[in-house]
Every structure is written in structure tokens, then in C-alpha cells.
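> Data: data-v1.cif, mmCIF, C-alpha atoms.
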data_query
#
loop_
_atom_site.label_atom_id
_atom_site.label_comp_id
_atom_site.auth_asym_id
_atom_site.auth_seq_id
_atom_site.Cartn_x
_atom_site.Cartn_y
_atom_site.Cartn_z
CA MET A 1 12.49 32.32 -15.23
CA ASP A 2 13.09 32.82 -19.00
CA GLU A 3 11.67 30.42 -21.55
CA GLU A 4 15.01 28.81 -22.45
CA ASN A 5 15.78 27.93 -18.83
CA LEU A 6 12.22 26.63 -18.40
CA ARG A 7 12.58 24.33 -21.40
CA ASN A 8 15.95 23.08 -20.14
CA ARG A 9 14.50 22.31 -16.71
CA LYS A 10 11.57 20.40 -18.19
CA THR A 11 13.76 18.46 -20.59
CA ASN A 12 16.29 17.45 -17.96
CA THR A 13 13.53 16.37 -15.59
CA VAL A 14 11.62 14.25 -18.08
CA LEU A 15 14.75 12.34 -19.05
CA ASN A 16 15.16 11.10 -15.49
CA ASP A 17 13.72 7.59 -15.16
CA GLU A 18 13.43 7.75 -11.39
CA LYS A 19 12.08 10.45 -9.11
CA GLN A 20 15.06 12.83 -8.99
CA ALA A 21 15.42 16.57 -8.87
CA PRO A 22 16.30 18.18 -12.21
CA VAL A 23 19.92 19.14 -12.85
CA GLU A 24 20.66 22.40 -14.61
CA THR A 25 23.18 25.21 -14.82
CA GLU A 26 21.65 28.56 -13.98
CA SER A 27 22.82 31.94 -15.19
CA GLU A 28 23.25 34.84 -12.81
CA ASP A 29 19.94 36.38 -13.96
CA THR A 30 18.13 33.09 -13.46
CA LYS A 31 19.48 32.72 -9.94
CA HIS A 32 17.92 36.04 -9.00
CA ASN A 33 14.62 35.58 -10.81
CA ALA A 34 13.92 31.86 -10.36
CA PRO A 35 13.35 29.84 -7.20
CA GLN A 36 16.60 28.35 -5.88
CA SER A 37 15.06 24.90 -5.51
CA MET A 38 11.85 23.19 -6.55
CA ILE A 39 10.08 23.02 -3.19
CA LEU A 40 6.54 23.81 -2.15
CA GLN A 41 5.91 27.42 -1.21
CA LYS A 42 6.21 28.30 2.47
CA GLN A 43 3.12 30.43 2.86
CA ILE A 44 1.17 28.95 5.79
CA GLY A 45 1.95 30.93 8.93
CA LEU A 46 0.33 30.96 12.37
CA LEU A 47 -2.75 32.94 11.31
CA SER A 48 -3.28 30.74 8.26
CA ALA A 49 -2.77 27.59 10.35
CA ILE A 50 -5.43 28.76 12.81
CA SER A 51 -7.70 29.65 9.91
CA LEU A 52 -7.08 26.19 8.44
CA ILE A 53 -8.40 24.50 11.59
CA VAL A 54 -11.23 26.95 12.27
CA GLY A 55 -12.19 27.17 8.61
CA THR A 56 -12.25 23.39 8.23
CA MET A 57 -14.27 22.77 11.38
CA ILE A 58 -16.67 25.66 10.85
CA GLY A 59 -17.75 24.75 7.37
CA SER A 60 -20.75 23.24 5.66
CA GLY A 61 -21.42 20.87 8.56
CA ILE A 62 -22.69 23.46 11.01
CA PHE A 63 -25.25 24.59 8.43
CA ILE A 64 -26.51 21.20 7.21
CA SER A 65 -25.93 18.72 10.06
CA PRO A 66 -28.41 20.04 12.70
CA LYS A 67 -31.40 18.90 10.65
CA SER A 68 -30.01 15.39 10.18
CA VAL A 69 -28.94 15.05 13.83
CA LEU A 70 -32.44 16.04 14.98
CA SER A 71 -34.16 13.70 12.51
CA ASN A 72 -32.03 10.75 13.63
CA THR A 73 -32.58 11.40 17.35
CA GLY A 74 -36.24 12.39 17.05
CA ALA A 75 -36.25 15.00 19.84
CA VAL A 76 -34.40 18.08 21.07
CA GLY A 77 -33.08 16.48 24.28
CA PRO A 78 -31.11 13.58 22.78
CA CYS A 79 -30.11 15.85 19.90
CA LEU A 80 -28.34 18.22 22.30
CA ILE A 81 -26.73 15.28 24.12
CA VAL A 82 -25.34 13.98 20.81
CA TRP A 83 -23.94 17.41 19.96
CA ALA A 84 -22.22 17.66 23.34
CA ALA A 85 -20.84 14.12 23.04
CA CYS A 86 -19.51 14.90 19.55
CA GLY A 87 -17.67 17.92 20.95
CA VAL A 88 -16.14 15.84 23.74
CA LEU A 89 -15.10 13.10 21.30
CA ALA A 90 -13.51 15.61 18.92
CA THR A 91 -11.60 17.17 21.82
CA LEU A 92 -10.32 13.79 23.00
CA GLY A 93 -9.31 12.91 19.44
CA ALA A 94 -7.46 16.22 19.10
CA LEU A 95 -5.55 15.50 22.32
CA CYS A 96 -4.50 12.12 20.91
CA TYR A 97 -3.32 13.75 17.71
CA ALA A 98 -1.42 16.42 19.66
CA ASP A 99 0.47 13.62 21.40
CA LEU A 100 1.15 11.84 18.10
CA GLY A 101 2.07 15.03 16.26
CA THR A 102 4.76 15.98 18.76
CA MET A 103 6.02 12.39 19.03
CA ILE A 104 6.26 11.80 15.25
CA THR A 105 7.17 15.11 13.66
CA LYS A 106 6.36 14.19 10.07
CA SER A 107 3.75 15.56 7.72
CA GLY A 108 0.96 13.32 6.49
CA GLY A 109 -1.16 12.91 9.63
CA GLU A 110 -2.59 9.44 10.11
CA TYR A 111 -0.46 8.02 7.29
CA SER A 112 2.77 8.76 9.15
CA TYR A 113 1.46 7.43 12.48
CA LEU A 114 0.11 4.19 11.04
CA LEU A 115 3.36 3.68 9.12
CA GLU A 116 5.36 4.08 12.33
CA ALA A 117 3.13 1.88 14.51
CA PHE A 118 1.85 -0.87 12.20
CA GLY A 119 4.00 -0.78 9.07
CA PRO A 120 3.34 -0.03 5.40
CA ILE A 121 0.15 -2.01 4.77
CA PRO A 122 -2.22 -0.13 7.16
CA ALA A 123 -0.55 3.14 6.12
CA PHE A 124 -1.11 2.36 2.44
CA LEU A 125 -4.73 1.36 3.06
CA TYR A 126 -5.29 4.64 4.85
CA SER A 127 -3.77 6.63 2.00
CA TRP A 128 -5.70 4.54 -0.53
CA MET A 129 -8.99 5.17 1.29
CA CYS A 130 -8.30 8.78 2.15
CA ILE A 131 -7.10 9.90 -1.27
CA ALA A 132 -9.73 8.01 -3.25
CA VAL A 133 -12.71 8.23 -0.85
CA VAL A 134 -12.44 10.46 2.21
CA LYS A 135 -10.88 13.64 0.77
CA PRO A 136 -12.86 13.75 -2.49
CA SER A 137 -16.15 12.91 -0.75
CA SER A 138 -15.50 15.63 1.83
CA PHE A 139 -14.80 18.09 -0.98
CA ALA A 140 -17.97 16.97 -2.75
CA ILE A 141 -20.10 17.41 0.42
CA ILE A 142 -18.83 20.95 0.93
CA CYS A 143 -19.50 21.96 -2.66
CA LEU A 144 -22.94 20.31 -2.69
CA SER A 145 -23.80 22.28 0.45
CA PHE A 146 -22.64 25.49 -1.21
CA ALA A 147 -24.69 24.65 -4.29
CA GLU A 148 -27.88 23.99 -2.31
CA TYR A 149 -27.62 27.28 -0.42
CA THR A 150 -26.83 29.14 -3.64
CA ALA A 151 -29.73 27.64 -5.61
CA THR A 152 -32.44 27.74 -2.91
CA PRO A 153 -33.24 31.52 -3.17
CA PHE A 154 -34.04 31.05 -6.86
CA TYR A 155 -36.63 28.33 -6.12
CA PRO A 156 -38.83 29.74 -3.33
CA GLY A 157 -41.25 27.25 -1.84
CA CYS A 158 -39.67 24.18 -3.43
CA VAL A 159 -36.49 22.15 -3.52
CA PRO A 160 -33.99 23.16 -6.24
CA PRO A 161 -33.63 20.60 -9.07
CA GLN A 162 -30.78 18.19 -8.43
CA ILE A 163 -29.26 18.80 -11.85
CA ILE A 164 -28.89 22.51 -10.99
CA VAL A 165 -27.41 21.74 -7.58
CA LYS A 166 -24.89 19.27 -8.99
CA CYS A 167 -23.84 21.56 -11.82
CA LEU A 168 -23.24 24.40 -9.34
CA ALA A 169 -21.28 22.01 -7.12
CA ALA A 170 -19.11 21.00 -10.07
CA VAL A 171 -18.41 24.67 -10.84
CA GLY A 172 -17.43 25.21 -7.20
CA ILE A 173 -15.04 22.23 -7.29
CA ILE A 174 -13.37 23.53 -10.45
CA LEU A 175 -12.96 27.06 -9.09
CA ILE A 176 -11.51 25.92 -5.76
CA THR A 177 -9.11 23.51 -7.48
CA LEU A 178 -7.89 26.22 -9.84
CA LEU A 179 -7.47 28.70 -6.99
CA ASN A 180 -5.27 26.32 -5.00
CA ALA A 181 -3.32 25.24 -8.07
CA ILE A 182 -2.58 28.83 -9.12
CA SER A 183 -1.32 30.26 -5.84
CA VAL A 184 -0.95 29.04 -2.26
CA LYS A 185 -0.82 32.66 -1.05
CA LEU A 186 -4.03 33.61 -2.85
CA ALA A 187 -5.75 30.48 -1.54
CA ASN A 188 -4.65 31.44 1.98
CA TYR A 189 -6.13 34.91 1.61
CA VAL A 190 -9.43 33.48 0.43
CA GLN A 191 -9.35 30.90 3.27
CA ASN A 192 -8.78 33.63 5.86
CA PHE A 193 -11.58 35.78 4.42
CA LEU A 194 -14.08 32.91 4.31
CA THR A 195 -13.13 31.86 7.85
CA ALA A 196 -13.87 35.37 9.09
CA ALA A 197 -17.18 35.38 7.23
CA LYS A 198 -18.22 32.01 8.68
CA LEU A 199 -17.28 33.12 12.20
CA LEU A 200 -19.42 36.23 11.74
CA ILE A 201 -22.40 34.16 10.55
CA VAL A 202 -22.05 31.73 13.46
CA ALA A 203 -21.78 34.65 15.89
CA VAL A 204 -25.02 36.12 14.52
CA ILE A 205 -26.78 32.75 14.95
CA VAL A 206 -25.47 32.31 18.51
CA VAL A 207 -26.36 35.84 19.60
CA ALA A 208 -29.81 35.58 18.04
CA GLY A 209 -30.40 32.28 19.87
CA ILE A 210 -29.35 33.78 23.20
CA VAL A 211 -31.65 36.77 22.67
CA LEU A 212 -34.63 34.53 21.83
CA ILE A 213 -34.05 32.37 24.91
CA ALA A 214 -33.74 35.49 27.07
CA GLN A 215 -37.11 36.64 25.69
CA GLY A 216 -38.70 33.43 26.94
CA ASN A 217 -38.83 31.41 23.73
CA THR A 218 -38.08 28.11 25.43
CA GLN A 219 -41.02 26.04 24.21
CA ASN A 220 -38.72 23.75 22.22
CA PHE A 221 -37.08 22.61 25.47
CA GLU A 222 -40.37 21.49 27.04
CA ASN A 223 -40.83 17.72 27.02
CA SER A 224 -37.59 17.61 25.07
CA PHE A 225 -37.29 13.81 25.16
CA ASP A 226 -40.76 13.02 23.81
CA GLY A 227 -40.55 10.94 20.62
CA ALA A 228 -36.83 10.27 21.01
CA GLN A 229 -35.24 7.57 18.84
CA THR A 230 -32.60 5.62 20.73
CA SER A 231 -31.98 2.70 18.43
CA PHE A 232 -28.45 1.47 17.86
CA GLY A 233 -28.35 2.58 14.25
CA SER A 234 -30.18 5.92 14.43
CA VAL A 235 -27.96 7.26 17.22
CA SER A 236 -24.82 6.29 15.30
CA LEU A 237 -26.09 8.11 12.20
CA ALA A 238 -26.79 11.15 14.38
CA PHE A 239 -23.18 10.96 15.53
CA TYR A 240 -22.03 10.72 11.91
CA ASN A 241 -23.74 14.01 11.08
CA GLY A 242 -22.66 15.71 14.29
CA LEU A 243 -19.06 14.61 13.92
CA TRP A 244 -19.07 15.81 10.32
CA SER A 245 -19.54 19.33 11.72
CA TYR A 246 -16.59 18.85 14.09
CA ASP A 247 -14.39 17.19 11.49
CA GLY A 248 -11.15 19.06 10.85
CA TRP A 249 -9.66 18.80 14.34
CA ASN A 250 -6.86 16.68 12.86
CA GLN A 251 -5.96 18.88 9.88
CA LEU A 252 -2.88 20.58 11.34
CA ASN A 253 -1.18 17.17 11.68
CA TYR A 254 -0.93 17.02 7.90
CA ILE A 255 1.55 19.94 7.94
CA THR A 256 3.54 19.03 11.08
CA GLU A 257 6.87 18.58 9.29
CA GLU A 258 7.14 22.32 8.77
CA LEU A 259 4.20 24.53 9.62
CA LYS A 260 4.85 26.61 6.53
CA ASN A 261 5.14 23.59 4.23
CA PRO A 262 1.59 22.78 2.99
CA TYR A 263 1.66 19.02 2.19
CA ARG A 264 -1.62 17.60 1.03
CA LEU A 265 -1.82 13.92 1.94
CA THR A 266 -1.75 12.93 -1.73
CA PHE A 267 1.63 14.62 -2.10
CA VAL A 268 3.18 12.96 0.98
CA THR A 269 1.91 9.49 0.05
CA ALA A 270 3.24 9.71 -3.50
CA ARG A 271 6.57 10.96 -2.17
CA GLU A 272 6.82 7.76 -0.06
CA GLY A 273 6.19 5.59 -3.15
CA HIS A 274 2.62 4.54 -2.21
CA MET A 275 0.97 6.44 -5.05
CA VAL A 276 1.88 7.18 -8.65
CA GLN A 277 4.82 9.59 -8.71
CA ILE A 278 3.10 12.25 -10.82
CA LEU A 279 0.93 13.08 -7.80
CA SER A 280 4.03 14.16 -5.85
CA TYR A 281 5.21 16.60 -8.53
CA ILE A 282 4.84 20.35 -8.25
CA SER A 283 4.29 23.11 -10.76
CA ILE A 284 7.41 24.83 -12.10
CA ARG A 285 5.68 28.18 -12.41
CA ARG A 286 3.43 28.12 -9.31
CA LEU A 287 5.28 25.78 -6.91
CA THR A 288 1.97 24.13 -5.98
CA PRO A 289 1.13 20.38 -6.06
CA ALA A 290 -1.12 20.86 -9.08
CA PRO A 291 -1.43 17.17 -10.13
CA ALA A 292 -2.61 16.11 -6.66
CA LEU A 293 -5.10 19.00 -6.53
CA ILE A 294 -6.51 18.23 -9.98
CA PHE A 295 -6.78 14.51 -9.14
CA ASN A 296 -8.73 15.32 -5.98
CA GLY A 297 -11.03 17.69 -7.86
CA LEU A 298 -11.81 15.15 -10.59
CA LEU A 299 -12.74 12.49 -8.03
CA ALA A 300 -14.97 14.98 -6.18
CA ILE A 301 -16.87 15.72 -9.39
CA ILE A 302 -17.35 11.98 -9.93
CA TYR A 303 -18.77 11.62 -6.40
CA ILE A 304 -21.40 14.34 -6.80
CA ILE A 305 -22.95 12.66 -9.84
CA PRO A 306 -24.75 9.69 -8.17
CA ALA A 307 -24.86 10.66 -4.48
CA ASP A 308 -26.60 13.16 -2.20
CA ILE A 309 -25.21 14.92 0.87
CA ASN A 310 -26.48 12.45 3.51
CA THR A 311 -25.17 9.42 1.61
CA LEU A 312 -21.77 11.05 1.20
CA ILE A 313 -21.64 12.00 4.89
CA ASN A 314 -22.35 8.41 5.94
CA TYR A 315 -19.82 7.09 3.43
CA PHE A 316 -17.21 9.61 4.55
CA SER A 317 -17.78 9.00 8.27
CA PHE A 318 -17.69 5.21 8.02
CA ALA A 319 -14.36 5.28 6.20
CA SER A 320 -12.89 8.01 8.39
CA TRP A 321 -13.65 6.44 11.74
CA ILE A 322 -12.11 3.12 10.76
CA PHE A 323 -8.77 4.89 10.49
CA TYR A 324 -9.33 7.42 13.28
CA GLY A 325 -9.73 4.41 15.55
CA LEU A 326 -6.61 2.72 14.17
CA THR A 327 -4.67 5.95 14.63
CA THR A 328 -5.61 6.36 18.30
CA LEU A 329 -4.84 2.66 18.74
CA SER A 330 -1.39 3.35 17.30
CA LEU A 331 -0.78 5.79 20.15
CA ILE A 332 -1.54 3.02 22.65
CA VAL A 333 0.72 0.59 20.78
CA MET A 334 3.65 3.01 20.65
CA GLN A 335 3.35 3.76 24.36
CA PHE A 336 4.32 0.13 24.94
CA ARG A 337 6.55 -0.63 21.95
CA ARG A 338 8.37 2.70 21.57
CA LYS A 339 8.90 3.85 25.14
CA ASP A 340 12.11 5.58 24.12
CA MET A 341 10.34 8.11 21.85
CA LYS A 342 10.26 11.68 23.09
CA ARG A 343 6.72 12.85 23.94
CA PRO A 344 6.52 16.60 24.61
CA VAL A 345 2.73 16.28 24.93
CA LYS A 346 1.86 13.21 26.97
CA ILE A 347 -1.78 12.29 27.61
CA PRO A 348 -3.18 9.50 29.83
CA ILE A 349 -3.64 6.18 28.04
CA VAL A 350 -7.34 6.18 28.96
CA ILE A 351 -8.02 8.96 26.43
CA PRO A 352 -6.90 7.05 23.27
CA ALA A 353 -8.60 3.96 24.71
CA VAL A 354 -11.94 5.79 24.93
CA VAL A 355 -11.62 7.20 21.41
CA THR A 356 -10.67 3.78 20.01
CA LEU A 357 -13.65 2.07 21.65
CA PHE A 358 -16.03 4.77 20.46
CA SER A 359 -14.70 4.51 16.93
CA ILE A 360 -15.46 0.78 16.98
CA TYR A 361 -19.05 1.63 17.92
CA LEU A 362 -19.28 4.19 15.10
CA VAL A 363 -18.08 1.64 12.56
CA VAL A 364 -20.13 -1.35 13.75
CA ALA A 365 -23.42 0.34 14.79
CA PRO A 366 -24.54 1.61 11.35
CA ILE A 367 -23.92 -1.80 9.79
CA ILE A 368 -26.09 -3.50 12.41
CA GLY A 369 -28.76 -0.85 12.96
CA SER A 370 -29.04 0.87 9.56
CA PRO A 371 -27.36 -1.30 6.92
CA ASP A 372 -26.66 0.44 3.64
CA TRP A 373 -24.90 -0.41 0.39
CA ALA A 374 -22.44 2.43 0.98
CA TYR A 375 -20.80 0.54 3.85
CA LEU A 376 -20.39 -2.56 1.70
CA TYR A 377 -18.84 -0.52 -1.10
CA CYS A 378 -16.44 1.05 1.39
CA ALA A 379 -15.42 -2.36 2.79
CA LEU A 380 -14.89 -3.73 -0.72
CA PHE A 381 -12.79 -0.70 -1.55
CA ILE A 382 -10.51 -1.42 1.40
CA VAL A 383 -10.10 -5.03 0.25
CA GLY A 384 -9.35 -3.72 -3.22
CA GLY A 385 -6.61 -1.63 -1.67
CA LEU A 386 -4.97 -4.79 -0.34
CA ILE A 387 -4.93 -6.25 -3.85
CA VAL A 388 -3.40 -3.07 -5.26
CA TYR A 389 -0.74 -3.05 -2.55
CA VAL A 390 0.30 -6.65 -3.20
CA LEU A 391 0.44 -6.27 -6.97
CA PHE A 392 1.90 -2.80 -7.42
CA ILE A 393 3.72 -1.92 -4.18
CA TYR A 394 4.94 -5.18 -2.64
CA PHE A 395 5.92 -7.05 -5.83
CA HIS A 396 6.38 -3.87 -7.85
CA PHE A 397 6.02 -5.53 -11.24
CA SER A 398 8.38 -4.08 -13.83
CA TRP A 399 5.64 -3.77 -16.45
CA THR A 400 3.92 -1.11 -14.35
CA ARG A 401 7.03 1.06 -14.66
CA ARG A 402 7.08 0.60 -18.41
CA ILE A 403 3.46 1.71 -18.59
CA MET A 404 3.75 4.65 -16.18
CA ARG A 405 6.98 6.15 -17.53
CA PRO A 406 5.59 7.46 -20.84
CA ILE A 407 2.35 8.56 -19.12
CA THR A 408 4.33 10.45 -16.47
CA LYS A 409 6.58 11.98 -19.14
CA HIS A 410 3.67 13.37 -21.17
CA LEU A 411 1.82 14.60 -18.10
CA GLN A 412 4.97 16.41 -16.96
CA LEU A 413 5.26 18.19 -20.28
CA LEU A 414 1.55 19.00 -20.40
CA MET A 415 1.26 20.30 -16.83
CA GLU A 416 4.81 21.69 -16.50
CA VAL A 417 5.51 19.85 -13.25
CA VAL A 418 8.67 18.36 -11.75
CA PRO A 419 9.62 16.27 -8.71
CA ALA A 420 9.94 18.28 -5.54
CA GLU A 421 13.39 18.64 -4.06
CA THR A 422 13.99 17.76 -0.43
CA GLU A 423 15.21 20.58 1.75
CA GLN A 424 18.47 20.04 3.59
#
Rewrite the coordinates I just gave you, this time as C-alpha cells.


Amino acid sequence: MDEENLRNRKTNTVLNDEKQAPVETESEDTKHNAPQSMILQKQIGLLSAISLIVGTMIGSGIFISPKSVLSNTGAVGPCLIVWAACGVLATLGALCYADLGTMITKSGGEYSYLLEAFGPIPAFLYSWMCIAVVKPSSFAIICLSFAEYTATPFYPGCVPPQIIVKCLAAVGIILITLLNAISVKLANYVQNFLTAAKLLIVAVIVVAGIVLIAQGNTQNFENSFDGAQTSFGSVSLAFYNGLWSYDGWNQLNYITEELKNPYRLTFVTAREGHMVQILSYISIRRLTPAPALIFNGLLAIIYIIPADINTLINYFSFASWIFYGLTTLSLIVMQFRRKDMKRPVKIPIVIPAVVTLFSIYLVVAPIIGSPDWAYLYCALFIVGGLIVYVLFIYFHFSWTRRIMRPITKHLQLLMEVVPAETEQ
């Protein structure tokens, strides 16, 4: 795209008061060299989709959670039981999401299902919590884990200084954000490579464990329940850490609308009018949702400043399982209220019922057994979301538009982003 056409596209777009696609007249050269419409790149195929799930599930959790699960259960026996139960729960949750994903073929995951079953308020609260808490905290946990593993070899015999760990984590967040903002294809290549590397590392660990057991190193399994902690709160925290390792089983539902259309939740929510519109815009040059990516990266950096990994995992899990439970409950509700909906994948109602009940336990148990300020902050944040919804979404005060229009205009010019067009 030549510079004159680029300037015309930006100017036409900024002058639009509402979220509309830019209008322009293209020359013959521009038609051949420029994208025909401003839509997100279709780069996520079957291999990348599989890598997305595998790469998300096999991430930092498998390398940092075992220690926390063991410390919260107190013994090898209950630790292994918790790991097995986490796997079963993740599988049941994935079955529920498979049913929902084929019933409601929209991108956005839980947001779309809650919107369909319960209306805009629960859907907005999910997007509010997910965009501002769950996604950035997850990003922060991953980068903090990377930073700890990177710094540890340079500090043999002692724990790396937290300032070093957090600075490395911030660098990791910046690099990953830039990579995804520059090119979806390049990010996919890196994702596929890292997934292969993680699978290789896990395979080495598994094979080494099998060899050691075959050689008779089974002393850790003797009296495996001695010293076990079975309190209400400690077991729930063990589940939090175990489920963090399994988290990612729901990721493909965020790109259901078209498998090769990579919507981040922030993008979908803003497109529906539940977030500021600038977050739904995409880069003219790169066709990536750069504003949403940068917003997520900035929040992740903010989260790594005061918190450690365990605190962030508890915070993340508490918030996540509130809405995982509501989502599986939505499947039960729609089985009764929307019997006419086509369900290519139909699971027994007992499965979402079990997941819903277990999610209630995971939300209530830590508050009762191991109360922490993080849970209070999370609850207050949800209440704050209700206030935001009433003031800015439901009543939609005109003064908010007057404030946001010049901000959106200048951000568009600075970041060279425009509203995404809807494919026909």
C-alpha cells in the first residue's frame, strides 16, 4: 500500500464518529498490493490450532505447579489423587465446551455462551474480569515462570533477587506482545516451535521417571499418605495449582467462528460494544489487533510488580472458576430453555452438573479454609464491573462519547489502526 493511499485510509477512518469501515477509492495498483478488506489475518490452521491447545496446556504450569500441589497436600498419595482429579475435571469441562462450541458457533468462548444463556450483564462481567484480571494475570504468571527459570542458573545455591526476576518477566511480556502485534504468522511459527520444545522436555521427564521406577526407585511411594493435609482450604489450593497446569482446554472456543480467524477475547468484546472501541481495531499494516495486545501486555506488567507466582495463580483460579461454573451452568439452562438449538455434540446433563458443583467448591473452599485478601479484591472487582456496566453500557451517557472520541482519534493516528470490517 503506497503512502498516499495509507493516509487517505487513515483520514477517512478517523472522521467516522461511529465504528464503521473506512471508505476509499482504490487504484488498480492498490487493489493488487493492498488487502481487499480490513479483516484479521487468516493464519491459524489445523496444526496451529492443535499447537494452540497443546502449547497453552503444556506451559509454565507443568514446571511450577507440582511443588505447590505437593506442599498443599503434604504427601505423595493425595498429591497424585489431586493430579488425577484435575485431569478428569479438565476433560469434563472440555466436553461441556465442545457441546457449547458446536451449539453456539461464535467466537469469544465463555462471553458468547453467557450472553446467549443469561443476557448481557453476566457476559459483560465475564469480559470485564477476563480482560482486566484473568488474561493479564495468566500472561504475568507465564512470564514470571520464564524469568525464574532464566535467572536461577546465574544464582547457584540461592533464590534469584525478585527485582531481577520481575525485570526479566517484563522484558518477556514486551517481546511476546511485539511478536504477536507484528505478525500472526510469525507468532504461529514461534508457537509451534515452542510447543515442540515443551513436548520434548515433557517426554524426557516422563521417560526418565519410567526408567527410575523400573530400576526400583519407588521409595517415594512408600507410606505415601503419611503427613497428608486434607483440610478444606489446603485441598482447594492444591486443585488451584493443579488446574493451572491443565488450564487451556477451553482456548479453541475463542476462535470457533472461523478456525482461521484469531479473535482474542478483548477484540470480540469490544466489537460487541462492551469495551472501548479502540480495542477492537486492527493494524493497517499488520492486520493484527495491536491495541488489544498492547493493553493486555501493559496490564500484565502491572500485575508482576506487587505479586508473586502463587498469589497470581490463586487470584487467577478464583476468578476463572466463577465463570467456568457459570458457563457449564449455561449449558444446563439452554438444554431446557433452548431445546430447538442444534447440538452436533450432545453430552449427558450430568457432566455439566458435576463441573458446576465442583466449581462452586473451588470458589467457596479457599474463602472458608484459606482466606486471603486476593479473593476480596477479586469480589470487589466484580462488583465494580456492575457499576461500570450500569453507568457506561446500560445508560451510555453521552459525555463518555465526547471524551472517548478525541482519545480514539489520536490513538488511531498514533497506532495506525482502523475498525475491522465484517466478512460477508

> CA of Tyr377 (chain A) and CA of Phe318 (chain A) are how many Å apart?

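That distance, rounded to one decimal, is 10.8 Å.
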
> Given the file shown, enumerate the residues that the PyMOL selection byres ((chain A and resi 293) around 9) captures and present them as a CSV table (one decimal) with C-alpha atoms, keeping the file's coordinate frame.


chain,number,residue,atom,x,y,z
A,177,THR,CA,-9.1,23.5,-7.5
A,178,LEU,CA,-7.9,26.2,-9.8
A,180,ASN,CA,-5.3,26.3,-5.0
A,181,ALA,CA,-3.3,25.2,-8.1
A,264,ARG,CA,-1.6,17.6,1.0
A,266,THR,CA,-1.8,12.9,-1.7
A,279,LEU,CA,0.9,13.1,-7.8
A,288,THR,CA,2.0,24.1,-6.0
A,289,PRO,CA,1.1,20.4,-6.1
A,290,ALA,CA,-1.1,20.9,-9.1
A,291,PRO,CA,-1.4,17.2,-10.1
A,292,ALA,CA,-2.6,16.1,-6.7
A,294,ILE,CA,-6.5,18.2,-10.0
A,295,PHE,CA,-6.8,14.5,-9.1
A,296,ASN,CA,-8.7,15.3,-6.0
A,297,GLY,CA,-11.0,17.7,-7.9
A,298,LEU,CA,-11.8,15.2,-10.6

> What is the distance, in Å and to one decimal place, between CA of Ala94 (chain A) and CA of Ile332 (chain A)?

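So the two atoms, CA of Ala94 (chain A) and CA of Ile332 (chain A), lie 14.9 Å apart.
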
> Just want the 10 Å neighbourhood of Val133 (chain A), counted on all atoms listed in the file, with same-chain residues fewer than 4 positions away dropped. Output as a ChimeraX atom specification.

/A:127-129,137-138,296,299-300,303,312,315-316,319-320,378,381

> To one decimal in Å, tell me the separation between CA of Tyr361 (chain A) and CA of Phe221 (chain A).

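Atom-to-atom, CA of Tyr361 (chain A) to CA of Phe221 (chain A), that is 28.7 Å.
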
> Closest to Thr408 (chain A) among A:Ile142, A:Ile174, A:Cys158, A:Val276, using all atoms listed in the file?

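Closest to Thr408 (chain A), using all atoms listed in the file: A:Val276.
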
> Measuring atom to atom with only C-alpha atoms, identify which of A:Pro120, A:Pro153, A:Gly172, A:Pro406 is nearest to Ala140 (chain A).

A:Gly172

> Report, as AutoDock Vina command-line options, the centre and edge lengths in Å (one decimal) of the axis-aligned box enclosing every listed atom of region 131-136 of chain A, padded by 3 Å on each side.


--center_x -10.0 --center_y 10.9 --center_z -0.5 --size_x 11.8 --size_y 11.7 --size_z 11.5

> Selection in question (the file shown): the PyMOL selection byres ((chain A and resi 371) around 12). Which residues does it include, as a list in words?

Phe232, Gly233, Ser234, Ser236, Leu237, Asn314, Tyr315, Phe318, Val363, Val364, Ala365, Pro366, Ile367, Ile368, Gly369, Ser370, Asp372, Trp373, Ala374, Tyr375, Leu376 and Tyr377 of chain A

> Which residues, protein or nucleic acid, reach to within 12 Å of (-3.9, 14.8, 21.4) in the file's coordinates when using only C-alpha atoms, and can you give that as a ChimeraX atom specification?

/A:89-103,249-250,252-253,327-328,331,343-352,355

> What do you get, as a list in words, if you spell out every residue that the PyMOL selection byres ((chain A and resi 66) around 12) selects here?

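After applying the PyMOL selection byres ((chain A and resi 66) around 12), what remains is Ser60, Gly61, Ile62, Phe63, Ile64, Ser65, Lys67, Ser68, Val69, Leu70, Ser71, Asn72, Thr73, Gly74, Ala75, Val76, Cys79, Leu80, Val82, Trp83, Ala238, Phe239, Tyr240, Asn241, Gly242, Leu243, Trp244, Ser245 and Tyr246 of chain A.
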
> Output C-alpha atoms for every residue in that selection, as a PDB file, in the frame of the given file.


ATOM      1  CA  SER A  60     -20.750  23.240   5.660  1.00  0.00           C
ATOM      2  CA  GLY A  61     -21.420  20.870   8.560  1.00  0.00           C
ATOM      3  CA  ILE A  62     -22.690  23.460  11.010  1.00  0.00           C
ATOM      4  CA  PHE A  63     -25.250  24.590   8.430  1.00  0.00           C
ATOM      5  CA  ILE A  64     -26.510  21.200   7.210  1.00  0.00           C
ATOM      6  CA  SER A  65     -25.930  18.720  10.060  1.00  0.00           C
ATOM      7  CA  LYS A  67     -31.400  18.900  10.650  1.00  0.00           C
ATOM      8  CA  SER A  68     -30.010  15.390  10.180  1.00  0.00           C
ATOM      9  CA  VAL A  69     -28.940  15.050  13.830  1.00  0.00           C
ATOM     10  CA  LEU A  70     -32.440  16.040  14.980  1.00  0.00           C
ATOM     11  CA  SER A  71     -34.160  13.700  12.510  1.00  0.00           C
ATOM     12  CA  ASN A  72     -32.030  10.750  13.630  1.00  0.00           C
ATOM     13  CA  THR A  73     -32.580  11.400  17.350  1.00  0.00           C
ATOM     14  CA  GLY A  74     -36.240  12.390  17.050  1.00  0.00           C
ATOM     15  CA  ALA A  75     -36.250  15.000  19.840  1.00  0.00           C
ATOM     16  CA  VAL A  76     -34.400  18.080  21.070  1.00  0.00           C
ATOM     17  CA  CYS A  79     -30.110  15.850  19.900  1.00  0.00           C
ATOM     18  CA  LEU A  80     -28.340  18.220  22.300  1.00  0.00           C
ATOM     19  CA  VAL A  82     -25.340  13.980  20.810  1.00  0.00           C
ATOM     20  CA  TRP A  83     -23.940  17.410  19.960  1.00  0.00           C
ATOM     21  CA  ALA A 238     -26.790  11.150  14.380  1.00  0.00           C
ATOM     22  CA  PHE A 239     -23.180  10.960  15.530  1.00  0.00           C
ATOM     23  CA  TYR A 240     -22.030  10.720  11.910  1.00  0.00           C
ATOM     24  CA  ASN A 241     -23.740  14.010  11.080  1.00  0.00           C
ATOM     25  CA  GLY A 242     -22.660  15.710  14.290  1.00  0.00           C
ATOM     26  CA  LEU A 243     -19.060  14.610  13.920  1.00  0.00           C
ATOM     27  CA  TRP A 244     -19.070  15.810  10.320  1.00  0.00           C
ATOM     28  CA  SER A 245     -19.540  19.330  11.720  1.00  0.00           C
ATOM     29  CA  TYR A 246     -16.590  18.850  14.090  1.00  0.00           C
TER      30      TYR A 246
END

> I need the residue nearest Ile58 (chain A) from this list: A:Asp247, A:Ser224, A:His396, A:Ala85. Use all atoms listed in the file for the distance.

A:Asp247

> Restricting the calculation to only C-alpha atoms, which member of A:Gly325, A:Leu179, A:Ala123, A:Leu362 is positioned closest to Tyr389 (chain A)?

A:Ala123
